[in-house]
Amino acid sequence: MPDFVKDNHLFHNPVEFAMSKIGGTYKMPILWRLKDKKWRFSELQKSLSHASDRMLSKALKELVEDGFVTKEIFPEVPPRVEYTITDRGQKAIPVIEMLRNYGLDLLQEFEVEHPKR
């Protein structure tokens, strides 16, 4: 496949493009959590305690902009915000699951202690 440009960024292959959309430290864990239910920002914050508020907000904003997640703001005081995975986001779940399982296999092969499956 020839190189292509999207949003002023040069991509060399489709994997690179896909990783630009769901890769990084927080996007896949966010999508993984949203696969079964809606989450509020504070719940995601607690669940991803190693993520700063800024980085979590940035990842969520990008996922919303790219159509993997929807953000619903409820007009309450204080405002309540819920995030939900979209059909596009659901299509990424099998890929994330495969990568997760591969990572768990590698941990075992490299004899790294890890949580049970």
# chains A, B, ... in the order shown; residues from 1 in each chain; ligands from 1

$ residues_around --residues "A:Lys37" --least-positions-apart "6" --cutoff "9 Å" --atoms "only C-alpha atoms" --output "ChimeraX atom specification"
/A:83-85

$ residues_around --residues "stretch 50-67 of chain A" --least-positions-apart "5" --cutoff "9 Å" --atoms "only C-alpha atoms" --output "compact mmCIF listing (two decimals) with C-alpha atoms, in the first residue's frame"
# COMPACT_ATOMS: atom_id res chain seq x y z
CA LYS A 21 -6.46 6.16 16.59
CA ILE A 22 -6.55 3.55 19.39
CA GLY A 24 -1.12 4.91 23.33
CA THR A 25 -1.23 4.33 27.05
CA TYR A 26 -4.89 5.08 27.76
CA LYS A 27 -7.12 4.69 24.69
CA ILE A 30 -10.64 3.21 28.12
CA LEU A 31 -12.31 1.35 25.26
CA PHE A 41 -15.22 10.50 34.14
CA LEU A 44 -12.54 6.11 34.74
CA GLN A 45 -10.23 8.28 36.85
CA TYR A 83 -19.01 8.10 28.15
CA ILE A 85 -18.61 3.19 23.33
CA THR A 86 -19.89 3.52 19.74
CA ASP A 87 -20.16 0.87 17.02
CA ARG A 88 -16.76 2.01 15.73
CA GLY A 89 -15.33 1.54 19.22

$ select_by_dssp --residues "chain A" --states "alpha helix (DSSP H)" --output "JSON, numbers by chain"
{"A": [14, 15, 16, 17, 18, 19, 20, 21, 22, 27, 28, 29, 30, 31, 32, 33, 34, 41, 42, 43, 44, 45, 46, 47, 53, 54, 55, 56, 57, 58, 59, 60, 61, 62, 63, 64, 65, 87, 88, 89, 90, 91, 92, 93, 94, 95, 96, 97, 98, 99, 100, 101, 102, 103, 104, 105, 106, 107, 108, 109]}

$ closest_residue --among "A:Leu34, A:Val77, A:Glu113, A:Phe68" --to "A:Ala18" --atoms "only C-alpha atoms"
A:Phe68

$ residues_around --residues "A:Phe4" --least-positions-apart "5" --cutoff "10 Å" --atoms "only C-alpha atoms" --output "list in words"
His9, Leu10, Phe11, His12, Asn13, Pro14 and Phe17 of chain A

$ residues_around --residues "A:Ile93" --least-positions-apart "6" --cutoff "9 Å" --atoms "only C-alpha atoms" --output "short mmCIF file (atom, residue, chain, number, x, y, z; two decimals) with C-alpha atoms, in the first residue's frame"
data_model
loop_
_atom_site.label_atom_id
_atom_site.label_comp_id
_atom_site.auth_asym_id
_atom_site.auth_seq_id
_atom_site.Cartn_x
_atom_site.Cartn_y
_atom_site.Cartn_z
CA MET A 28 -7.30 0.89 24.64
CA LEU A 31 -12.31 1.35 25.26
CA TRP A 32 -11.93 -1.95 27.14
CA LYS A 35 -17.24 -2.18 26.15
#

$ atom_distance --atom1 "atom CA of A:Ser42" --atom2 "atom CA of A:Lys71"
13.5 Å
